[in-house]
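Okay, structure_14.pdb now, which holds PDB, C-alpha atoms, pLDDT in the B column:
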ATOM      1  CA  MET A   1      78.710  82.041 166.762  1.00 44.00           C
ATOM      2  CA  CYS A   2      81.466  83.125 164.440  1.00 51.00           C
ATOM      3  CA  GLY A   3      85.200  83.442 164.782  1.00 53.00           C
ATOM      4  CA  LEU A   4      86.680  86.903 164.440  1.00 50.00           C
ATOM      5  CA  THR A   5      90.246  87.339 163.349  1.00 57.00           C
ATOM      6  CA  LYS A   6      90.621  91.122 163.209  1.00 60.00           C
ATOM      7  CA  ALA A   7      89.710  93.955 165.513  1.00 62.00           C
ATOM      8  CA  THR A   8      88.029  95.687 162.570  1.00 65.00           C
ATOM      9  CA  ASP A   9      85.651  92.732 162.188  1.00 72.00           C
ATOM     10  CA  GLU A  10      84.709  93.018 165.844  1.00 72.00           C
ATOM     11  CA  ALA A  11      84.144  96.772 165.561  1.00 75.00           C
ATOM     12  CA  ARG A  12      81.998  96.295 162.451  1.00 76.00           C
ATOM     13  CA  LEU A  13      79.895  93.643 164.186  1.00 76.00           C
ATOM     14  CA  GLN A  14      79.435  95.883 167.232  1.00 73.00           C
ATOM     15  CA  GLN A  15      78.257  98.687 164.931  1.00 75.00           C
ATOM     16  CA  VAL A  16      75.748  96.445 163.150  1.00 75.00           C
ATOM     17  CA  ALA A  17      74.502  94.997 166.449  1.00 74.00           C
ATOM     18  CA  SER A  18      73.927  98.454 167.924  1.00 77.00           C
ATOM     19  CA  GLY A  19      72.006  99.497 164.797  1.00 74.00           C
ATOM     20  CA  CYS A  20      69.766  96.430 165.094  1.00 75.00           C
ATOM     21  CA  GLU A  21      69.274  96.828 168.855  1.00 75.00           C
ATOM     22  CA  LEU A  22      71.117  93.565 169.563  1.00 74.00           C
ATOM     23  CA  GLN A  23      73.438  92.772 172.404  1.00 75.00           C
ATOM     24  CA  LEU A  24      76.689  91.303 171.082  1.00 72.00           C
ATOM     25  CA  GLU A  25      79.229  89.644 173.319  1.00 72.00           C
ATOM     26  CA  VAL A  26      82.520  88.535 171.791  1.00 69.00           C
ATOM     27  CA  VAL A  27      84.033  85.710 173.817  1.00 69.00           C
ATOM     28  CA  LYS A  28      87.816  85.527 173.648  1.00 70.00           C
ATOM     29  CA  ARG A  29      89.364  82.075 173.716  1.00 67.00           C
ATOM     30  CA  HIS A  30      92.176  81.793 176.226  1.00 70.00           C
ATOM     31  CA  GLN A  31      92.943  78.126 175.933  1.00 68.00           C
ATOM     32  CA  ARG A  32      92.722  75.379 173.343  1.00 74.00           C
ATOM     33  CA  SER A  33      90.970  72.839 175.575  1.00 76.00           C
ATOM     34  CA  PHE A  34      87.206  72.314 175.820  1.00 75.00           C
ATOM     35  CA  GLU A  35      85.449  75.028 177.763  1.00 70.00           C
ATOM     36  CA  ILE A  36      81.697  75.504 178.211  1.00 72.00           C
ATOM     37  CA  GLN A  37      80.528  78.831 176.837  1.00 71.00           C
ATOM     38  CA  PRO A  38      77.887  80.673 178.880  1.00 75.00           C
ATOM     39  CA  ARG A  39      74.333  80.533 177.477  1.00 77.00           C
ATOM     40  CA  ARG A  40      75.495  79.067 174.159  1.00 76.00           C
ATOM     41  CA  TRP A  41      73.336  76.016 174.845  1.00 78.00           C
ATOM     42  CA  VAL A  42      70.219  78.171 174.528  1.00 80.00           C
ATOM     43  CA  VAL A  43      71.075  79.116 170.951  1.00 79.00           C
ATOM     44  CA  GLU A  44      72.059  75.566 170.002  1.00 81.00           C
ATOM     45  CA  ARG A  45      68.874  74.161 171.565  1.00 81.00           C
ATOM     46  CA  THR A  46      66.771  76.593 169.526  1.00 79.00           C
ATOM     47  CA  PHE A  47      68.611  75.605 166.343  1.00 78.00           C
ATOM     48  CA  ALA A  48      67.952  71.941 167.155  1.00 80.00           C
ATOM     49  CA  TRP A  49      64.225  72.674 167.557  1.00 77.00           C
ATOM     50  CA  ASP A  50      64.238  74.478 164.220  1.00 75.00           C
ATOM     51  CA  ARG A  51      65.963  71.600 162.446  1.00 75.00           C
ATOM     52  CA  ARG A  52      63.175  69.221 163.455  1.00 76.00           C
ATOM     53  CA  GLN A  53      61.028  71.004 160.876  1.00 76.00           C
ATOM     54  CA  ARG A  54      61.638  69.482 157.449  1.00 73.00           C
ATOM     55  CA  ARG A  55      61.219  72.758 155.591  1.00 72.00           C
ATOM     56  CA  LEU A  56      64.001  74.386 157.626  1.00 74.00           C
ATOM     57  CA  SER A  57      66.539  71.645 156.960  1.00 71.00           C
ATOM     58  CA  LYS A  58      67.509  73.304 153.654  1.00 73.00           C
ATOM     59  CA  ASP A  59      67.224  76.833 152.367  1.00 73.00           C
ATOM     60  CA  TYR A  60      64.622  76.435 149.625  1.00 75.00           C
ATOM     61  CA  GLU A  61      63.243  79.956 149.711  1.00 76.00           C
ATOM     62  CA  ARG A  62      64.357  82.735 147.408  1.00 82.00           C
ATOM     63  CA  LEU A  63      63.315  85.628 149.618  1.00 85.00           C
ATOM     64  CA  PRO A  64      64.580  86.097 153.174  1.00 83.00           C
ATOM     65  CA  GLU A  65      61.103  87.220 154.245  1.00 87.00           C
ATOM     66  CA  VAL A  66      59.714  83.804 153.354  1.00 85.00           C
ATOM     67  CA  SER A  67      62.462  82.077 155.363  1.00 82.00           C
ATOM     68  CA  GLU A  68      61.670  84.317 158.327  1.00 85.00           C
ATOM     69  CA  SER A  69      57.973  83.441 158.073  1.00 87.00           C
ATOM     70  CA  VAL A  70      58.774  79.725 157.978  1.00 84.00           C
ATOM     71  CA  VAL A  71      60.830  80.083 161.170  1.00 84.00           C
ATOM     72  CA  TYR A  72      57.887  81.811 162.877  1.00 88.00           C
ATOM     73  CA  ILE A  73      55.524  79.071 161.724  1.00 87.00           C
ATOM     74  CA  ALA A  74      57.925  76.388 162.947  1.00 84.00           C
ATOM     75  CA  MET A  75      58.054  77.968 166.407  1.00 86.00           C
ATOM     76  CA  ILE A  76      54.251  78.065 166.835  1.00 89.00           C
ATOM     77  CA  PRO A  77      53.989  74.489 168.249  1.00 86.00           C
ATOM     78  CA  LEU A  78      56.820  75.191 170.685  1.00 84.00           C
ATOM     79  CA  MET A  79      55.169  78.377 171.958  1.00 88.00           C
ATOM     80  CA  LEU A  80      51.772  76.678 172.231  1.00 92.00           C
ATOM     81  CA  ASN A  81      53.333  73.893 174.308  1.00 88.00           C
ATOM     82  CA  ARG A  82      54.889  76.471 176.596  1.00 86.00           C
ATOM     83  CA  LEU A  83      51.615  78.361 176.992  1.00 92.00           C
ATOM     84  CA  THR A  84      49.561  75.262 177.781  1.00 90.00           C
ATOM     85  CA  ALA A  85      52.098  73.641 180.118  1.00 77.00           C
TER      86      ALA A  85
END

Now that the file is in, can you turn its structure into structure tokens?
Amino acid sequence: MCGLTKATDEARLQQVASGCELQLEVVKRHQRSFEIQPRRWVVERTFAWDRRQRRLSKDYERLPEVSESVVYIAMIPLMLNRLTA
């Protein structure tokens, strides 16, 4: 999640998301009080699972491909648990 301040930022993000075949939803904040965002918990839960892996706690890799591979390796136990449950 990131905060956008300009309409041009939002348009640029929409363009990048469409090029990467991603679905981007910009949620406008209407009030300053606490409000539960829809489906945000799914992303935060996944990040919490990733952070349990020691190697993912810091960015030690020089190449982004290596970081991507480490994320895949870290998710293997989670997927195996889901398949065997």

Worksheet, complete the sentence: As a check of understanding: the span from CA of Arg62 (chain A) to CA of Arg12 (chain A) is 26.9 Å

Worksheet item: In Å, with one decimal, what is the gap from CA of Val70 (chain A) to CA of Leu56 (chain A)?
Response: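 The value is 7.5 Å.
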
Practice prompt. Provide the CA of Arg39 (chain A) to CA of Arg55 (chain A) distance in Å, to one decimal place.
Written response: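 Computing it gives 26.7 Å between the two atoms.
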
Edge lengths and centre in Å to one decimal, as lines of an AutoDock Vina configuration file, of the axis-aligned box that encloses all listed atoms of region 46-54 of chain A with 3 Å added on every side?
center_x = 64.8
center_y = 72.9
center_z = 163.5
size_x = 13.6
size_y = 13.4
size_z = 18.1

Worksheet entry | Explicit residue set for the PyMOL selection byres ((chain A and resi 50) around 12), as a PyMOL selection string | chain A and resi 43-49+51-58+67-68+70-78
